[in-house]
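The structure appears below as structure tokens.
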Amino acid sequence: MPNRSDHNRNQGIRVVAIGGGTGLSTLLKGLKRYTATPAELPTTGPYISDLTAIVTVSDDGGSSGRLRRELNMLPPGDIRNCLVAVSEDENLLSKLFQYRFSSSGDLEGHSFGNLFLAALTAMTGDFGVAVKKASEILATRGHILPATSANVALEAIMDDGSHVVGETKITASERRIVELKMVPADPEPMPQTLQAIADADLITIGPGSLFTSLIPNLLVRGIPEAIAASRAVKVFICNLMTEANESLHMSASDHVMAIYAHGGHGLFHYAMVNSEPVSATMKARYAEESAEPVECDLGAVEALGVKCVAGNFLDESEVVRHATDRICHELIHLAENRPGRKVAMIQPAARS
């Protein structure tokens, strides 16, 4: 990884995006549009010179869970989605990597992308190396790093005092999560992960499932400390909707407090929170799943020492999604206006 002095001469923005699930891969698709290689450096807009995703690896369900149990490897699902998100030919690879076998044999339910990563892991003997090789093969515009190379599981302590082990069982529980733990505790991070955080100009956490996509990254030894020590602009991207089994009735400030309870205070400078009302139709649809819009309690967020960036970050179609273009534009603006920074410029690439 290039050192800080190289970066100062280049003046692009180094971005680290932390999370998991569809939230992280969707954000990466937007950030990819701002990436540039040294040969692509005209001077007409801010650009990202280095994009790194740090991805949780605690999934134990579906194809990922089966491969994890059968091959004793880390779950590839979230990693696969992130690789597709930052690949050069996103449309083709998305169709290929997300293809699921529908035969009635052993392949049923497995995605091609998961099997691809499983094969590379078997060949290299190391999941982290396999992900790096996959990035090279796919000519990605970003680096994908597992938060840890350890074989970890999640343990949740619920509001009735019960303990639930395993991501699938946690998400299926109807009890409120009070505390999340990693088993084994304090797993080692990948060295590249801590280096990427130390070198970053912009660090994002979210969007994503609060207790199964975001907080697990902060339970890896050294990651929250590295974020707190970083000189980067640090931004929490709050979810649009609550989740019945993870964040029911939790406001934006409740999300921040839950993250701080697990990773320590002072991890964010900003929290990006949607303040645009969700349509009545969508509210009714999500209410069937016991989900609701996350309240933008701006004053409570700022009382935690976090500047709340409230705005219209909402897109509605068949589901509620973040308006990735607006989110990424705001993120780049925050990084570009970091005190003491001078950022070179290019136009973001057109959507594929």
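In the structure tokens, each chain is lettered A, B, ... as it comes, each chain's residues begin at 1, and ligands are numbered from 1 in order of appearance.
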With DSSP run on the backbone, what are the helix (DSSP H, G or I) residues within region 2-245 of chain A? I'd like them as a compact mmCIF listing (two decimals) with N, CA, C and O atoms, in the first residue's frame.
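New file selection.txt:
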```txt
# COMPACT_ATOMS: atom_id res chain seq x y z
N ARG A 4 1.98 7.52 3.12
CA ARG A 4 1.33 8.82 3.22
C ARG A 4 1.99 9.88 2.36
O ARG A 4 1.32 10.72 1.77
N SER A 5 3.33 9.86 2.26
CA SER A 5 4.01 10.88 1.46
C SER A 5 3.65 10.76 -0.01
O SER A 5 3.45 11.76 -0.70
N ASP A 6 3.52 9.53 -0.52
CA ASP A 6 3.07 9.34 -1.90
C ASP A 6 1.69 9.94 -2.08
O ASP A 6 1.39 10.58 -3.08
N HIS A 7 0.84 9.72 -1.09
CA HIS A 7 -0.53 10.20 -1.18
C HIS A 7 -0.58 11.72 -1.19
O HIS A 7 -1.37 12.33 -1.91
N ASN A 8 0.25 12.37 -0.38
CA ASN A 8 0.25 13.83 -0.34
C ASN A 8 0.57 14.43 -1.69
O ASN A 8 0.05 15.47 -2.07
N ARG A 9 1.47 13.77 -2.43
CA ARG A 9 1.80 14.29 -3.76
C ARG A 9 0.64 14.07 -4.72
O ARG A 9 0.39 14.87 -5.61
N ASN A 10 -0.11 12.99 -4.53
CA ASN A 10 -1.19 12.66 -5.45
C ASN A 10 -2.43 13.51 -5.18
O ASN A 10 -3.10 13.96 -6.10
N GLY A 21 -23.25 -6.63 4.30
CA GLY A 21 -24.58 -6.74 3.72
C GLY A 21 -24.75 -5.88 2.49
O GLY A 21 -23.79 -5.36 1.92
N THR A 22 -26.00 -5.69 2.08
CA THR A 22 -26.29 -4.92 0.87
C THR A 22 -25.98 -3.44 1.03
O THR A 22 -25.70 -2.76 0.05
N GLY A 23 -26.03 -2.94 2.26
CA GLY A 23 -25.74 -1.53 2.48
C GLY A 23 -24.35 -1.15 2.02
O GLY A 23 -24.16 -0.13 1.34
N LEU A 24 -23.36 -1.96 2.39
CA LEU A 24 -21.97 -1.65 2.02
C LEU A 24 -21.77 -1.77 0.52
O LEU A 24 -21.15 -0.90 -0.10
N SER A 25 -22.26 -2.84 -0.09
CA SER A 25 -22.05 -3.01 -1.53
C SER A 25 -22.74 -1.92 -2.33
O SER A 25 -22.20 -1.44 -3.35
N THR A 26 -23.90 -1.46 -1.88
CA THR A 26 -24.59 -0.38 -2.57
C THR A 26 -23.80 0.92 -2.48
O THR A 26 -23.66 1.67 -3.46
N LEU A 27 -23.24 1.20 -1.30
CA LEU A 27 -22.41 2.40 -1.14
C LEU A 27 -21.18 2.33 -2.03
O LEU A 27 -20.78 3.32 -2.66
N LEU A 28 -20.56 1.15 -2.11
CA LEU A 28 -19.36 1.00 -2.93
C LEU A 28 -19.63 1.27 -4.41
O LEU A 28 -18.79 1.83 -5.11
N LYS A 29 -20.81 0.88 -4.88
CA LYS A 29 -21.16 1.16 -6.27
C LYS A 29 -21.15 2.66 -6.54
O LYS A 29 -20.70 3.11 -7.60
N GLY A 30 -21.65 3.44 -5.58
CA GLY A 30 -21.63 4.88 -5.75
C GLY A 30 -20.25 5.47 -5.66
O GLY A 30 -19.86 6.33 -6.46
N LEU A 31 -19.46 5.01 -4.69
CA LEU A 31 -18.10 5.54 -4.52
C LEU A 31 -17.21 5.18 -5.69
O LEU A 31 -16.30 5.94 -6.05
N LYS A 32 -17.47 4.03 -6.30
CA LYS A 32 -16.64 3.59 -7.44
C LYS A 32 -16.64 4.62 -8.56
O LYS A 32 -15.65 4.77 -9.27
N PRO A 38 -3.94 6.65 -12.00
CA PRO A 38 -3.04 7.75 -12.33
C PRO A 38 -3.17 8.24 -13.77
O PRO A 38 -2.88 9.40 -14.07
N ALA A 39 -3.63 7.37 -14.67
CA ALA A 39 -3.77 7.77 -16.08
C ALA A 39 -5.06 8.52 -16.34
O ALA A 39 -5.30 8.98 -17.46
N GLU A 40 -5.92 8.65 -15.31
CA GLU A 40 -7.24 9.26 -15.50
C GLU A 40 -7.39 10.54 -14.67
O GLU A 40 -8.42 10.78 -14.08
N GLY A 62 -27.37 -19.62 4.81
CA GLY A 62 -27.41 -19.78 3.37
C GLY A 62 -26.19 -20.45 2.80
O GLY A 62 -25.53 -21.28 3.45
N SER A 63 -25.86 -20.08 1.56
CA SER A 63 -24.70 -20.65 0.87
C SER A 63 -23.41 -20.38 1.64
O SER A 63 -22.57 -21.28 1.78
N SER A 64 -23.25 -19.17 2.16
CA SER A 64 -22.05 -18.83 2.92
C SER A 64 -21.88 -19.73 4.13
O SER A 64 -20.79 -20.22 4.43
N GLY A 65 -22.98 -19.95 4.84
CA GLY A 65 -22.91 -20.79 6.02
C GLY A 65 -22.57 -22.24 5.69
O GLY A 65 -21.81 -22.89 6.41
N ARG A 66 -23.12 -22.73 4.59
CA ARG A 66 -22.83 -24.11 4.18
C ARG A 66 -21.36 -24.28 3.84
O ARG A 66 -20.70 -25.24 4.27
N LEU A 67 -20.82 -23.33 3.06
CA LEU A 67 -19.41 -23.41 2.69
C LEU A 67 -18.52 -23.26 3.92
O LEU A 67 -17.47 -23.91 4.04
N ARG A 68 -18.95 -22.43 4.84
CA ARG A 68 -18.19 -22.24 6.08
C ARG A 68 -18.09 -23.53 6.86
O ARG A 68 -17.03 -23.89 7.37
N ARG A 69 -19.20 -24.22 6.98
CA ARG A 69 -19.22 -25.47 7.74
C ARG A 69 -18.52 -26.60 7.00
O ARG A 69 -17.77 -27.38 7.61
N GLU A 70 -18.74 -26.70 5.70
CA GLU A 70 -18.21 -27.83 4.94
C GLU A 70 -16.72 -27.70 4.62
O GLU A 70 -16.00 -28.70 4.59
N LEU A 71 -16.27 -26.45 4.39
CA LEU A 71 -14.89 -26.23 3.96
C LEU A 71 -14.03 -25.52 5.00
O LEU A 71 -12.86 -25.25 4.75
N GLY A 77 -20.16 -14.52 1.22
CA GLY A 77 -21.27 -13.81 0.62
C GLY A 77 -21.11 -12.30 0.54
O GLY A 77 -21.24 -11.69 -0.53
N ASP A 78 -20.84 -11.64 1.68
CA ASP A 78 -20.69 -10.18 1.67
C ASP A 78 -19.47 -9.76 0.87
O ASP A 78 -19.49 -8.72 0.19
N ILE A 79 -18.40 -10.53 0.96
CA ILE A 79 -17.19 -10.25 0.19
C ILE A 79 -17.52 -10.31 -1.31
O ILE A 79 -17.10 -9.44 -2.08
N ARG A 80 -18.27 -11.33 -1.70
CA ARG A 80 -18.65 -11.48 -3.10
C ARG A 80 -19.40 -10.25 -3.59
O ARG A 80 -19.12 -9.70 -4.67
N ASN A 81 -20.38 -9.80 -2.82
CA ASN A 81 -21.17 -8.63 -3.22
C ASN A 81 -20.32 -7.38 -3.37
O ASN A 81 -20.54 -6.56 -4.26
N CYS A 82 -19.33 -7.23 -2.48
CA CYS A 82 -18.45 -6.06 -2.56
C CYS A 82 -17.52 -6.14 -3.76
O CYS A 82 -17.24 -5.13 -4.41
N LEU A 83 -17.02 -7.33 -4.07
CA LEU A 83 -16.19 -7.51 -5.27
C LEU A 83 -16.96 -7.12 -6.51
O LEU A 83 -16.44 -6.43 -7.40
N VAL A 84 -18.21 -7.56 -6.61
CA VAL A 84 -19.05 -7.20 -7.76
C VAL A 84 -19.24 -5.68 -7.81
O VAL A 84 -19.16 -5.07 -8.88
N ALA A 85 -19.47 -5.07 -6.65
CA ALA A 85 -19.76 -3.63 -6.60
C ALA A 85 -18.62 -2.79 -7.13
O ALA A 85 -18.85 -1.74 -7.75
N GLU A 90 -19.43 -4.37 -13.85
CA GLU A 90 -20.34 -4.71 -12.77
C GLU A 90 -21.55 -5.48 -13.27
O GLU A 90 -22.01 -6.44 -12.63
N ASN A 91 -22.11 -5.11 -14.41
CA ASN A 91 -23.33 -5.74 -14.90
C ASN A 91 -23.11 -7.22 -15.22
O ASN A 91 -23.88 -8.09 -14.80
N LEU A 92 -22.05 -7.51 -15.98
CA LEU A 92 -21.77 -8.90 -16.35
C LEU A 92 -21.44 -9.73 -15.11
O LEU A 92 -21.97 -10.82 -14.91
N LEU A 93 -20.55 -9.20 -14.27
CA LEU A 93 -20.12 -9.97 -13.11
C LEU A 93 -21.26 -10.17 -12.11
O LEU A 93 -21.32 -11.19 -11.43
N SER A 94 -22.13 -9.19 -12.02
CA SER A 94 -23.25 -9.33 -11.12
C SER A 94 -24.11 -10.52 -11.53
O SER A 94 -24.50 -11.34 -10.70
N LYS A 95 -24.38 -10.63 -12.81
CA LYS A 95 -25.17 -11.76 -13.29
C LYS A 95 -24.45 -13.08 -13.04
O LYS A 95 -25.07 -14.08 -12.65
N LEU A 96 -23.13 -13.09 -13.27
CA LEU A 96 -22.36 -14.33 -13.12
C LEU A 96 -22.19 -14.70 -11.64
O LEU A 96 -22.47 -15.83 -11.23
N PHE A 97 -21.74 -13.75 -10.84
CA PHE A 97 -21.43 -14.03 -9.44
C PHE A 97 -22.68 -14.26 -8.60
O PHE A 97 -22.63 -14.97 -7.59
N PHE A 112 -22.49 -18.80 -7.80
CA PHE A 112 -21.22 -19.02 -8.47
C PHE A 112 -20.10 -18.24 -7.80
O PHE A 112 -18.98 -18.74 -7.64
N GLY A 113 -20.38 -17.00 -7.40
CA GLY A 113 -19.35 -16.18 -6.77
C GLY A 113 -18.82 -16.77 -5.49
O GLY A 113 -17.62 -16.71 -5.21
N ASN A 114 -19.69 -17.38 -4.69
CA ASN A 114 -19.25 -18.03 -3.46
C ASN A 114 -18.34 -19.22 -3.77
O ASN A 114 -17.32 -19.43 -3.10
N LEU A 115 -18.71 -20.00 -4.77
CA LEU A 115 -17.89 -21.15 -5.16
C LEU A 115 -16.55 -20.70 -5.73
O LEU A 115 -15.51 -21.35 -5.51
N PHE A 116 -16.56 -19.60 -6.45
CA PHE A 116 -15.33 -19.03 -7.01
C PHE A 116 -14.35 -18.68 -5.88
O PHE A 116 -13.16 -19.02 -5.93
N LEU A 117 -14.86 -18.02 -4.85
CA LEU A 117 -14.00 -17.66 -3.71
C LEU A 117 -13.58 -18.89 -2.92
O LEU A 117 -12.46 -18.95 -2.41
N ALA A 118 -14.46 -19.89 -2.84
CA ALA A 118 -14.10 -21.12 -2.15
C ALA A 118 -12.96 -21.83 -2.87
O ALA A 118 -12.01 -22.34 -2.24
N ALA A 119 -13.01 -21.86 -4.21
CA ALA A 119 -11.95 -22.49 -4.99
C ALA A 119 -10.63 -21.75 -4.83
O ALA A 119 -9.57 -22.38 -4.64
N LEU A 120 -10.68 -20.42 -4.87
CA LEU A 120 -9.45 -19.64 -4.69
C LEU A 120 -8.88 -19.82 -3.29
O LEU A 120 -7.66 -19.86 -3.11
N THR A 121 -9.74 -19.94 -2.29
CA THR A 121 -9.27 -20.17 -0.93
C THR A 121 -8.57 -21.51 -0.81
O THR A 121 -7.51 -21.64 -0.18
N ALA A 122 -9.15 -22.54 -1.45
CA ALA A 122 -8.53 -23.87 -1.43
C ALA A 122 -7.18 -23.86 -2.14
O ALA A 122 -6.22 -24.50 -1.70
N MET A 123 -7.09 -23.10 -3.24
CA MET A 123 -5.85 -23.05 -4.02
C MET A 123 -4.75 -22.29 -3.28
O MET A 123 -3.58 -22.68 -3.31
N THR A 124 -5.12 -21.19 -2.61
CA THR A 124 -4.11 -20.34 -1.97
C THR A 124 -3.88 -20.71 -0.51
O THR A 124 -2.84 -20.37 0.06
N PHE A 127 -7.90 -17.21 2.98
CA PHE A 127 -9.06 -16.49 2.47
C PHE A 127 -8.71 -15.07 2.06
O PHE A 127 -9.17 -14.56 1.03
N GLY A 128 -7.89 -14.39 2.86
CA GLY A 128 -7.49 -13.03 2.54
C GLY A 128 -6.74 -12.95 1.22
O GLY A 128 -6.97 -12.04 0.40
N VAL A 129 -5.84 -13.91 0.99
CA VAL A 129 -5.11 -13.96 -0.28
C VAL A 129 -6.08 -14.26 -1.42
O VAL A 129 -5.97 -13.69 -2.51
N ALA A 130 -7.04 -15.14 -1.17
CA ALA A 130 -8.03 -15.47 -2.20
C ALA A 130 -8.82 -14.24 -2.62
O ALA A 130 -9.08 -14.03 -3.82
N VAL A 131 -9.21 -13.41 -1.66
CA VAL A 131 -9.96 -12.19 -1.97
C VAL A 131 -9.09 -11.23 -2.79
O VAL A 131 -9.56 -10.62 -3.76
N LYS A 132 -7.81 -11.13 -2.42
CA LYS A 132 -6.89 -10.27 -3.17
C LYS A 132 -6.73 -10.77 -4.61
O LYS A 132 -6.76 -9.98 -5.57
N LYS A 133 -6.59 -12.07 -4.78
CA LYS A 133 -6.47 -12.65 -6.12
C LYS A 133 -7.75 -12.41 -6.93
O LYS A 133 -7.70 -12.11 -8.13
N ALA A 134 -8.89 -12.55 -6.26
CA ALA A 134 -10.16 -12.31 -6.94
C ALA A 134 -10.26 -10.87 -7.43
O ALA A 134 -10.73 -10.60 -8.54
N SER A 135 -9.78 -9.93 -6.60
CA SER A 135 -9.79 -8.52 -7.00
C SER A 135 -8.93 -8.31 -8.24
O SER A 135 -9.29 -7.53 -9.14
N GLU A 136 -7.79 -8.97 -8.29
CA GLU A 136 -6.91 -8.84 -9.46
C GLU A 136 -7.56 -9.43 -10.70
O GLU A 136 -7.53 -8.83 -11.79
N ILE A 137 -8.18 -10.59 -10.54
CA ILE A 137 -8.82 -11.25 -11.68
C ILE A 137 -9.97 -10.40 -12.22
O ILE A 137 -10.16 -10.28 -13.43
N LEU A 138 -10.71 -9.78 -11.32
CA LEU A 138 -11.88 -9.01 -11.70
C LEU A 138 -11.57 -7.56 -12.03
O LEU A 138 -12.48 -6.80 -12.39
N GLU A 167 -25.28 -15.61 13.85
CA GLU A 167 -25.97 -14.50 13.20
C GLU A 167 -27.39 -14.87 12.78
O GLU A 167 -28.33 -14.09 12.98
N THR A 168 -27.57 -16.05 12.22
CA THR A 168 -28.90 -16.45 11.75
C THR A 168 -29.90 -16.51 12.90
O THR A 168 -31.03 -16.03 12.78
N LYS A 169 -29.49 -17.09 14.04
CA LYS A 169 -30.38 -17.17 15.20
C LYS A 169 -30.63 -15.79 15.80
O LYS A 169 -31.72 -15.51 16.29
N ILE A 170 -29.62 -14.93 15.77
CA ILE A 170 -29.78 -13.58 16.32
C ILE A 170 -30.81 -12.80 15.51
O ILE A 170 -31.70 -12.14 16.07
N THR A 171 -30.69 -12.86 14.18
CA THR A 171 -31.63 -12.11 13.34
C THR A 171 -33.04 -12.69 13.41
O THR A 171 -34.02 -11.98 13.14
N ALA A 172 -33.16 -13.96 13.76
CA ALA A 172 -34.47 -14.59 13.86
C ALA A 172 -35.12 -14.36 15.22
O ALA A 172 -36.33 -14.59 15.38
N PRO A 191 -3.52 -7.04 9.01
CA PRO A 191 -2.65 -5.85 9.09
C PRO A 191 -3.02 -4.79 8.06
O PRO A 191 -2.96 -3.59 8.34
N GLN A 192 -3.44 -5.23 6.86
CA GLN A 192 -3.81 -4.27 5.81
C GLN A 192 -5.01 -3.42 6.23
O GLN A 192 -5.16 -2.28 5.80
N THR A 193 -5.87 -4.00 7.07
CA THR A 193 -7.05 -3.28 7.53
C THR A 193 -6.65 -2.08 8.38
O THR A 193 -7.12 -0.96 8.17
N LEU A 194 -5.78 -2.31 9.35
CA LEU A 194 -5.35 -1.21 10.22
C LEU A 194 -4.55 -0.18 9.44
O LEU A 194 -4.66 1.03 9.70
N GLN A 195 -3.77 -0.61 8.45
CA GLN A 195 -3.00 0.33 7.64
C GLN A 195 -3.93 1.20 6.80
O GLN A 195 -3.72 2.42 6.67
N ALA A 196 -4.95 0.60 6.23
CA ALA A 196 -5.90 1.36 5.42
C ALA A 196 -6.61 2.42 6.25
O ALA A 196 -6.79 3.57 5.80
N ILE A 197 -6.99 2.06 7.47
CA ILE A 197 -7.65 3.02 8.36
C ILE A 197 -6.70 4.16 8.71
O ILE A 197 -7.07 5.34 8.71
N ALA A 198 -5.44 3.83 9.00
CA ALA A 198 -4.46 4.85 9.38
C ALA A 198 -4.20 5.83 8.23
O ALA A 198 -3.96 7.01 8.47
N ASP A 199 -4.26 5.36 6.99
CA ASP A 199 -3.95 6.19 5.84
C ASP A 199 -5.15 6.93 5.26
O ASP A 199 -5.00 7.75 4.36
N LEU A 210 -27.55 -2.99 12.02
CA LEU A 210 -26.76 -2.42 13.11
C LEU A 210 -25.91 -3.45 13.84
O LEU A 210 -24.70 -3.28 14.03
N PHE A 211 -26.54 -4.56 14.26
CA PHE A 211 -25.85 -5.52 15.11
C PHE A 211 -25.18 -6.66 14.35
O PHE A 211 -24.37 -7.37 14.92
N THR A 212 -25.53 -6.87 13.09
CA THR A 212 -24.93 -8.00 12.37
C THR A 212 -24.05 -7.58 11.19
O THR A 212 -23.33 -8.41 10.65
N SER A 213 -24.08 -6.30 10.80
CA SER A 213 -23.22 -5.83 9.72
C SER A 213 -22.24 -4.75 10.15
O SER A 213 -21.12 -4.70 9.65
N LEU A 214 -22.64 -3.90 11.09
CA LEU A 214 -21.79 -2.75 11.46
C LEU A 214 -20.97 -3.03 12.72
O LEU A 214 -19.73 -2.99 12.69
N ILE A 215 -21.65 -3.29 13.83
CA ILE A 215 -20.96 -3.46 15.11
C ILE A 215 -19.93 -4.59 15.09
O ILE A 215 -18.86 -4.46 15.71
N PRO A 216 -20.16 -5.73 14.39
CA PRO A 216 -19.14 -6.79 14.41
C PRO A 216 -17.76 -6.34 13.99
O PRO A 216 -16.75 -6.83 14.53
N ASN A 217 -17.65 -5.39 13.07
CA ASN A 217 -16.34 -4.89 12.66
C ASN A 217 -15.62 -4.21 13.82
O ASN A 217 -14.38 -4.22 13.89
N LEU A 218 -16.38 -3.62 14.72
CA LEU A 218 -15.79 -2.89 15.84
C LEU A 218 -15.43 -3.80 17.01
O LEU A 218 -14.87 -3.35 18.01
N LEU A 219 -15.74 -5.09 16.89
CA LEU A 219 -15.38 -6.07 17.91
C LEU A 219 -14.08 -6.78 17.58
O LEU A 219 -13.64 -7.66 18.30
N ILE A 223 -9.48 -2.34 15.66
CA ILE A 223 -10.18 -1.55 14.65
C ILE A 223 -10.81 -0.29 15.24
O ILE A 223 -10.60 0.80 14.69
N PRO A 224 -11.57 -0.35 16.35
CA PRO A 224 -12.12 0.91 16.87
C PRO A 224 -11.04 1.88 17.32
O PRO A 224 -11.17 3.10 17.14
N GLU A 225 -9.97 1.36 17.88
CA GLU A 225 -8.86 2.24 18.30
C GLU A 225 -8.22 2.91 17.09
O GLU A 225 -7.86 4.09 17.14
N ALA A 226 -8.06 2.16 16.00
CA ALA A 226 -7.48 2.73 14.79
C ALA A 226 -8.38 3.81 14.19
O ALA A 226 -7.90 4.85 13.71
N ILE A 227 -9.69 3.59 14.23
CA ILE A 227 -10.63 4.60 13.73
C ILE A 227 -10.54 5.86 14.59
O ILE A 227 -10.47 6.98 14.08
N ALA A 228 -10.55 5.68 15.91
CA ALA A 228 -10.51 6.83 16.82
C ALA A 228 -9.23 7.64 16.62
O ALA A 228 -9.24 8.88 16.73
N ALA A 229 -8.12 6.96 16.34
CA ALA A 229 -6.82 7.63 16.18
C ALA A 229 -6.63 8.24 14.80
O ALA A 229 -5.74 9.07 14.61
```
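Considering the residues A:Gly208, A:Gly299, A:Gly166, A:Gly222 and counting only C-alpha atoms, Glu188 (chain A) has its shortest atom-to-atom contact with A:Gly222.
Of the listed residues A:Gly161, A:Pro187, A:Gly264, A:Gly45, the one whose atoms come nearest to Arg175 (chain A) is A:Gly161, with distances taken using only C-alpha atoms.
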(request) Please identify all polymer residues within 9 Å of Gly305 (chain A), counting only C-alpha atoms, omitting same-chain residues fewer than 6 positions from it, and present them as a ChimeraX atom specification. (result) /A:266,268-270
